[in-house]
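As stored in query17.pdb (PDB, N, CA and C atoms, pLDDT in the B column):
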MODEL        1
ATOM      1  N   MET Y  27     106.908  93.486  81.780  1.00 44.00           N
ATOM      2  CA  MET Y  27     108.152  94.056  82.257  1.00 44.00           C
ATOM      3  C   MET Y  27     107.965  94.441  83.718  1.00 44.00           C
ATOM      4  N   ASP Y  28     108.723  93.817  84.586  1.00 50.00           N
ATOM      5  CA  ASP Y  28     108.569  94.064  86.013  1.00 50.00           C
ATOM      6  C   ASP Y  28     109.340  95.274  86.512  1.00 50.00           C
ATOM      7  N   ASP Y  29     110.420  95.631  85.843  1.00 54.00           N
ATOM      8  CA  ASP Y  29     111.288  96.712  86.307  1.00 54.00           C
ATOM      9  C   ASP Y  29     111.021  98.000  85.555  1.00 54.00           C
ATOM     10  N   ALA Y  30     109.918  98.639  85.859  1.00 51.00           N
ATOM     11  CA  ALA Y  30     109.584  99.908  85.213  1.00 51.00           C
ATOM     12  C   ALA Y  30     110.264 101.045  85.956  1.00 51.00           C
ATOM     13  N   HIS Y  31     110.852 101.962  85.214  1.00 51.00           N
ATOM     14  CA  HIS Y  31     111.546 103.113  85.799  1.00 51.00           C
ATOM     15  C   HIS Y  31     111.109 104.375  85.082  1.00 51.00           C
ATOM     16  N   THR Y  32     111.210 105.489  85.792  1.00 51.00           N
ATOM     17  CA  THR Y  32     111.036 106.766  85.120  1.00 51.00           C
ATOM     18  C   THR Y  32     112.421 107.275  84.750  1.00 51.00           C
ATOM     19  N   PHE Y  33     112.490 108.220  83.827  1.00 49.00           N
ATOM     20  CA  PHE Y  33     113.781 108.756  83.425  1.00 49.00           C
ATOM     21  C   PHE Y  33     114.541 109.343  84.606  1.00 49.00           C
ATOM     22  N   THR Y  34     113.866 109.970  85.539  1.00 49.00           N
ATOM     23  CA  THR Y  34     114.565 110.603  86.656  1.00 49.00           C
ATOM     24  C   THR Y  34     115.169 109.583  87.603  1.00 49.00           C
ATOM     25  N   GLU Y  35     114.669 108.359  87.637  1.00 54.00           N
ATOM     26  CA  GLU Y  35     115.218 107.336  88.512  1.00 54.00           C
ATOM     27  C   GLU Y  35     116.481 106.695  87.950  1.00 54.00           C
ATOM     28  N   ILE Y  36     116.662 106.687  86.641  1.00 51.00           N
ATOM     29  CA  ILE Y  36     117.725 105.873  86.073  1.00 51.00           C
ATOM     30  C   ILE Y  36     118.842 106.641  85.382  1.00 51.00           C
ATOM     31  N   GLN Y  37     118.782 107.923  85.340  1.00 50.00           N
ATOM     32  CA  GLN Y  37     119.813 108.587  84.559  1.00 50.00           C
ATOM     33  C   GLN Y  37     120.388 109.806  85.240  1.00 50.00           C
ATOM     34  N   GLU Y  38     121.554 110.188  84.744  1.00 59.00           N
ATOM     35  CA  GLU Y  38     122.244 111.359  85.259  1.00 59.00           C
ATOM     36  C   GLU Y  38     121.937 112.603  84.443  1.00 59.00           C
ATOM     37  N   GLN Y  39     121.509 112.451  83.243  1.00 68.00           N
ATOM     38  CA  GLN Y  39     121.207 113.591  82.381  1.00 68.00           C
ATOM     39  C   GLN Y  39     119.747 113.517  81.956  1.00 68.00           C
ATOM     40  N   GLU Y  40     119.203 114.631  81.609  1.00 81.00           N
ATOM     41  CA  GLU Y  40     117.838 114.659  81.089  1.00 81.00           C
ATOM     42  C   GLU Y  40     117.827 113.989  79.722  1.00 81.00           C
ATOM     43  N   PRO Y  41     116.771 113.271  79.415  1.00 88.00           N
ATOM     44  CA  PRO Y  41     116.705 112.681  78.072  1.00 88.00           C
ATOM     45  C   PRO Y  41     116.656 113.783  77.021  1.00 88.00           C
ATOM     46  N   GLU Y  42     117.337 113.562  75.920  1.00 93.00           N
ATOM     47  CA  GLU Y  42     117.330 114.526  74.826  1.00 93.00           C
ATOM     48  C   GLU Y  42     116.538 113.942  73.665  1.00 93.00           C
ATOM     49  N   PHE Y  43     115.593 114.708  73.186  1.00 94.00           N
ATOM     50  CA  PHE Y  43     114.793 114.331  72.025  1.00 94.00           C
ATOM     51  C   PHE Y  43     115.012 115.403  70.965  1.00 94.00           C
ATOM     52  N   SER Y  44     115.210 114.992  69.725  1.00 96.00           N
ATOM     53  CA  SER Y  44     115.479 115.961  68.659  1.00 96.00           C
ATOM     54  C   SER Y  44     114.998 115.413  67.319  1.00 96.00           C
ATOM     55  N   ASP Y  45     115.147 116.241  66.313  1.00 96.00           N
ATOM     56  CA  ASP Y  45     114.837 115.870  64.931  1.00 96.00           C
ATOM     57  C   ASP Y  45     113.402 115.383  64.748  1.00 96.00           C
ATOM     58  N   PHE Y  46     112.463 116.070  65.405  1.00 95.00           N
ATOM     59  CA  PHE Y  46     111.054 115.705  65.264  1.00 95.00           C
ATOM     60  C   PHE Y  46     110.571 115.989  63.849  1.00 95.00           C
ATOM     61  N   ALA Y  47     109.838 115.043  63.275  1.00 96.00           N
ATOM     62  CA  ALA Y  47     109.241 115.250  61.957  1.00 96.00           C
ATOM     63  C   ALA Y  47     107.936 114.462  61.890  1.00 96.00           C
ATOM     64  N   PHE Y  48     106.902 115.099  61.349  1.00 95.00           N
ATOM     65  CA  PHE Y  48     105.622 114.422  61.172  1.00 95.00           C
ATOM     66  C   PHE Y  48     105.105 114.706  59.771  1.00 95.00           C
ATOM     67  N   ASP Y  49     104.749 113.656  59.051  1.00 94.00           N
ATOM     68  CA  ASP Y  49     104.191 113.789  57.712  1.00 94.00           C
ATOM     69  C   ASP Y  49     102.686 113.561  57.801  1.00 94.00           C
ATOM     70  N   PRO Y  50     101.871 114.619  57.662  1.00 91.00           N
ATOM     71  CA  PRO Y  50     100.421 114.478  57.818  1.00 91.00           C
ATOM     72  C   PRO Y  50      99.760 113.656  56.711  1.00 91.00           C
ATOM     73  N   ASP Y  51     100.446 113.466  55.603  1.00 92.00           N
ATOM     74  CA  ASP Y  51      99.875 112.652  54.520  1.00 92.00           C
ATOM     75  C   ASP Y  51      99.990 111.152  54.808  1.00 92.00           C
ATOM     76  N   THR Y  52     101.113 110.748  55.415  1.00 92.00           N
ATOM     77  CA  THR Y  52     101.334 109.327  55.701  1.00 92.00           C
ATOM     78  C   THR Y  52     101.194 108.993  57.185  1.00 92.00           C
ATOM     79  N   TYR Y  53     101.038 110.023  58.028  1.00 91.00           N
ATOM     80  CA  TYR Y  53     100.979 109.877  59.494  1.00 91.00           C
ATOM     81  C   TYR Y  53     102.258 109.258  60.052  1.00 91.00           C
ATOM     82  N   ASN Y  54     103.377 109.517  59.415  1.00 95.00           N
ATOM     83  CA  ASN Y  54     104.675 109.018  59.853  1.00 95.00           C
ATOM     84  C   ASN Y  54     105.325 110.044  60.767  1.00 95.00           C
ATOM     85  N   PHE Y  55     105.732 109.604  61.967  1.00 95.00           N
ATOM     86  CA  PHE Y  55     106.355 110.461  62.981  1.00 95.00           C
ATOM     87  C   PHE Y  55     107.736 109.885  63.288  1.00 95.00           C
ATOM     88  N   THR Y  56     108.766 110.719  63.196  1.00 97.00           N
ATOM     89  CA  THR Y  56     110.131 110.284  63.496  1.00 97.00           C
ATOM     90  C   THR Y  56     110.778 111.246  64.480  1.00 97.00           C
ATOM     91  N   PHE Y  57     111.700 110.712  65.292  1.00 97.00           N
ATOM     92  CA  PHE Y  57     112.482 111.540  66.205  1.00 97.00           C
ATOM     93  C   PHE Y  57     113.709 110.757  66.659  1.00 97.00           C
ATOM     94  N   SER Y  58     114.679 111.479  67.211  1.00 97.00           N
ATOM     95  CA  SER Y  58     115.893 110.888  67.776  1.00 97.00           C
ATOM     96  C   SER Y  58     115.868 111.063  69.283  1.00 97.00           C
ATOM     97  N   TYR Y  59     116.554 110.156  70.006  1.00 94.00           N
ATOM     98  CA  TYR Y  59     116.611 110.246  71.466  1.00 94.00           C
ATOM     99  C   TYR Y  59     117.998 109.852  71.955  1.00 94.00           C
ATOM    100  N   ASP Y  60     118.342 110.317  73.162  1.00 94.00           N
ATOM    101  CA  ASP Y  60     119.645 110.048  73.748  1.00 94.00           C
ATOM    102  C   ASP Y  60     119.534 110.235  75.261  1.00 94.00           C
ATOM    103  N   PHE Y  61     119.995 109.233  76.037  1.00 91.00           N
ATOM    104  CA  PHE Y  61     120.038 109.366  77.490  1.00 91.00           C
ATOM    105  C   PHE Y  61     121.041 108.385  78.076  1.00 91.00           C
ATOM    106  N   MET Y  62     121.368 108.574  79.363  1.00 89.00           N
ATOM    107  CA  MET Y  62     122.349 107.739  80.035  1.00 89.00           C
ATOM    108  C   MET Y  62     121.712 107.080  81.256  1.00 89.00           C
ATOM    109  N   VAL Y  63     122.044 105.799  81.469  1.00 86.00           N
ATOM    110  CA  VAL Y  63     121.638 105.080  82.674  1.00 86.00           C
ATOM    111  C   VAL Y  63     122.887 104.943  83.533  1.00 86.00           C
ATOM    112  N   ASP Y  64     122.822 105.399  84.786  1.00 85.00           N
ATOM    113  CA  ASP Y  64     124.024 105.345  85.616  1.00 85.00           C
ATOM    114  C   ASP Y  64     124.301 103.916  86.094  1.00 85.00           C
ATOM    115  N   GLU Y  65     125.524 103.706  86.591  1.00 84.00           N
ATOM    116  CA  GLU Y  65     125.983 102.369  86.962  1.00 84.00           C
ATOM    117  C   GLU Y  65     125.210 101.752  88.126  1.00 84.00           C
ATOM    118  N   GLU Y  66     124.611 102.567  88.952  1.00 83.00           N
ATOM    119  CA  GLU Y  66     123.861 102.059  90.100  1.00 83.00           C
ATOM    120  C   GLU Y  66     122.488 101.520  89.707  1.00 83.00           C
ATOM    121  N   ASN Y  67     122.032 101.814  88.512  1.00 79.00           N
ATOM    122  CA  ASN Y  67     120.683 101.444  88.107  1.00 79.00           C
ATOM    123  C   ASN Y  67     120.630 100.506  86.904  1.00 79.00           C
ATOM    124  N   ASN Y  68     121.689  99.716  86.717  1.00 78.00           N
ATOM    125  CA  ASN Y  68     121.656  98.673  85.697  1.00 78.00           C
ATOM    126  C   ASN Y  68     122.560  97.526  86.135  1.00 78.00           C
ATOM    127  N   SER Y  69     122.334  96.354  85.612  1.00 84.00           N
ATOM    128  CA  SER Y  69     123.045  95.159  86.073  1.00 84.00           C
ATOM    129  C   SER Y  69     124.488  95.059  85.595  1.00 84.00           C
ATOM    130  N   SER Y  70     124.932  95.935  84.693  1.00 85.00           N
ATOM    131  CA  SER Y  70     126.310  95.864  84.199  1.00 85.00           C
ATOM    132  C   SER Y  70     127.306  96.562  85.117  1.00 85.00           C
ATOM    133  N   SER Y  71     126.801  97.388  86.028  1.00 83.00           N
ATOM    134  CA  SER Y  71     127.638  98.197  86.926  1.00 83.00           C
ATOM    135  C   SER Y  71     128.490  99.215  86.170  1.00 83.00           C
ATOM    136  N   ASN Y  72     128.095  99.561  84.972  1.00 89.00           N
ATOM    137  CA  ASN Y  72     128.759 100.577  84.161  1.00 89.00           C
ATOM    138  C   ASN Y  72     127.721 101.581  83.678  1.00 89.00           C
ATOM    139  N   LYS Y  73     128.166 102.802  83.403  1.00 89.00           N
ATOM    140  CA  LYS Y  73     127.269 103.772  82.782  1.00 89.00           C
ATOM    141  C   LYS Y  73     126.912 103.280  81.384  1.00 89.00           C
ATOM    142  N   ILE Y  74     125.657 103.456  80.997  1.00 88.00           N
ATOM    143  CA  ILE Y  74     125.212 103.042  79.674  1.00 88.00           C
ATOM    144  C   ILE Y  74     124.621 104.240  78.958  1.00 88.00           C
ATOM    145  N   GLN Y  75     125.160 104.565  77.803  1.00 91.00           N
ATOM    146  CA  GLN Y  75     124.636 105.636  76.951  1.00 91.00           C
ATOM    147  C   GLN Y  75     123.702 104.994  75.936  1.00 91.00           C
ATOM    148  N   ILE Y  76     122.461 105.446  75.881  1.00 91.00           N
ATOM    149  CA  ILE Y  76     121.471 104.887  74.971  1.00 91.00           C
ATOM    150  C   ILE Y  76     121.020 105.979  74.014  1.00 91.00           C
ATOM    151  N   SER Y  77     121.058 105.683  72.722  1.00 95.00           N
ATOM    152  CA  SER Y  77     120.580 106.638  71.730  1.00 95.00           C
ATOM    153  C   SER Y  77     119.976 105.859  70.571  1.00 95.00           C
ATOM    154  N   GLY Y  78     119.124 106.521  69.834  1.00 97.00           N
ATOM    155  CA  GLY Y  78     118.519 105.865  68.692  1.00 97.00           C
ATOM    156  C   GLY Y  78     117.559 106.766  67.968  1.00 97.00           C
ATOM    157  N   GLU Y  79     116.872 106.174  67.016  1.00 97.00           N
ATOM    158  CA  GLU Y  79     115.869 106.892  66.238  1.00 97.00           C
ATOM    159  C   GLU Y  79     114.576 106.097  66.256  1.00 97.00           C
ATOM    160  N   ALA Y  80     113.475 106.785  66.405  1.00 96.00           N
ATOM    161  CA  ALA Y  80     112.158 106.151  66.361  1.00 96.00           C
ATOM    162  C   ALA Y  80     111.481 106.540  65.057  1.00 96.00           C
ATOM    163  N   ASN Y  81     110.815 105.576  64.460  1.00 97.00           N
ATOM    164  CA  ASN Y  81     110.093 105.796  63.215  1.00 97.00           C
ATOM    165  C   ASN Y  81     108.754 105.078  63.362  1.00 97.00           C
ATOM    166  N   VAL Y  82     107.698 105.841  63.612  1.00 95.00           N
ATOM    167  CA  VAL Y  82     106.389 105.243  63.894  1.00 95.00           C
ATOM    168  C   VAL Y  82     105.335 105.797  62.947  1.00 95.00           C
ATOM    169  N   PHE Y  83     104.297 105.004  62.766  1.00 94.00           N
ATOM    170  CA  PHE Y  83     103.136 105.441  62.011  1.00 94.00           C
ATOM    171  C   PHE Y  83     101.977 105.580  62.992  1.00 94.00           C
ATOM    172  N   VAL Y  84     101.427 106.772  63.082  1.00 89.00           N
ATOM    173  CA  VAL Y  84     100.332 107.076  64.001  1.00 89.00           C
ATOM    174  C   VAL Y  84      99.047 106.554  63.379  1.00 89.00           C
ATOM    175  N   LYS Y  85      98.381 105.666  64.100  1.00 85.00           N
ATOM    176  CA  LYS Y  85      97.193 105.038  63.547  1.00 85.00           C
ATOM    177  C   LYS Y  85      95.945 105.916  63.698  1.00 85.00           C
ATOM    178  N   GLU Y  86      95.782 106.506  64.882  1.00 77.00           N
ATOM    179  CA  GLU Y  86      94.620 107.359  65.104  1.00 77.00           C
ATOM    180  C   GLU Y  86      94.892 108.312  66.263  1.00 77.00           C
ATOM    181  N   GLU Y  87      94.134 109.351  66.339  1.00 73.00           N
ATOM    182  CA  GLU Y  87      94.277 110.346  67.394  1.00 73.00           C
ATOM    183  C   GLU Y  87      93.732 109.795  68.704  1.00 73.00           C
ATOM    184  N   ILE Y  88      94.456 110.017  69.787  1.00 75.00           N
ATOM    185  CA  ILE Y  88      93.996 109.627  71.115  1.00 75.00           C
ATOM    186  C   ILE Y  88      93.533 110.877  71.828  1.00 75.00           C
ATOM    187  N   GLU Y  89      92.317 110.874  72.303  1.00 82.00           N
ATOM    188  CA  GLU Y  89      91.771 112.035  72.998  1.00 82.00           C
ATOM    189  C   GLU Y  89      91.829 111.816  74.504  1.00 82.00           C
ATOM    190  N   ASP Y  90      92.062 112.896  75.242  1.00 74.00           N
ATOM    191  CA  ASP Y  90      92.123 112.821  76.707  1.00 74.00           C
ATOM    192  C   ASP Y  90      90.776 112.531  77.303  1.00 74.00           C
TER     193      ASP Y  90
ENDMDL
END
Could you write out this structure as structure tokens?
Amino acid sequence: MDDAHTFTEIQEQEPEFSDFAFDPDTYNFTFSYDFMVDEENNSSSNKIQISGEANVFVKEEIED
């Protein structure tokens, strides 16, 4: 992916993350997200509202 952006470069609102849940028995992590990309930073020339849900399984702990 050549066009990498940070959230502050592409949106008018702060990203919203909610509904965090983690099941330590299955290592299943879920959350919801919502953010907007303004018209100047996408090829459609329109504001784009993006929202969804993530459902991931954590394979192992990553240490710093």
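Atom pair atom C of Ser77 of chain Y / atom N of Asp49 of chain Y has a distance of 20.6 Å (rounded to one decimal).
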Margin query: I'd like the contact shell of Thr52 of chain Y - 10 Å cut-off, only C-alpha atoms, skipping same-chain residues fewer than 2 positions apart - returned as number ranges by chain.
Written below: Y: 48-50, 54-55, 83-85
Next item on the list: For Phe57 of chain Y, please output as a list in words all residues within 6 Å (counting only N, CA and C atoms; exclusion window: fewer than 5 positions along the same chain).
Entry: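 The residues satisfying every condition are Ser44, Asp45, Phe46, Ala47, Gly78, Glu79, Ala80 and Asn81 of chain Y.
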Test item: the PyMOL selection byres ((chain Y and resi 75) around 6) resolved as a compact mmCIF listing (two decimals) with N, CA and C atoms, in the coordinates of the input:
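Printed below is out.txt as written:
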# COMPACT_ATOMS: atom_id res chain seq x y z
N PHE Y 61 120.00 109.23 76.04
CA PHE Y 61 120.04 109.37 77.49
C PHE Y 61 121.04 108.38 78.08
N MET Y 62 121.37 108.57 79.36
CA MET Y 62 122.35 107.74 80.04
C MET Y 62 121.71 107.08 81.26
N VAL Y 63 122.04 105.80 81.47
CA VAL Y 63 121.64 105.08 82.67
C VAL Y 63 122.89 104.94 83.53
N LYS Y 73 128.17 102.80 83.40
CA LYS Y 73 127.27 103.77 82.78
C LYS Y 73 126.91 103.28 81.38
N ILE Y 74 125.66 103.46 81.00
CA ILE Y 74 125.21 103.04 79.67
C ILE Y 74 124.62 104.24 78.96
N ILE Y 76 122.46 105.45 75.88
CA ILE Y 76 121.47 104.89 74.97
C ILE Y 76 121.02 105.98 74.01
N SER Y 77 121.06 105.68 72.72
CA SER Y 77 120.58 106.64 71.73
C SER Y 77 119.98 105.86 70.57
Item checked: Two-atom distance - atom CA of Asn72 of chain Y, atom CA of Phe43 of chain Y (Å) ->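 It comes out at 23.1 Å.
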Mind giving me the axis-aligned box for segment 47-50 of chain Y with 6 Å on every side, centre plus edges in Å to one decimal, as lines of an AutoDock Vina configuration file?
center_x = 104.8
center_y = 114.4
center_z = 60.0
size_x = 22.1
size_y = 13.7
size_z = 18.6
Check: Would you give me, as a ChimeraX atom specification, the residues in segment 29-90 of chain Y that DSSP reads as alpha helix (DSSP H)?
Finding: /Y:33-36
Next item on the list: Between atom CA of Val82 of chain Y and atom CA of Tyr53 of chain Y, measure the distance and give it in Å to one decimal.
Entry: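 Value for the atom CA of Val82 of chain Y-atom CA of Tyr53 of chain Y distance: 8.4 Å.
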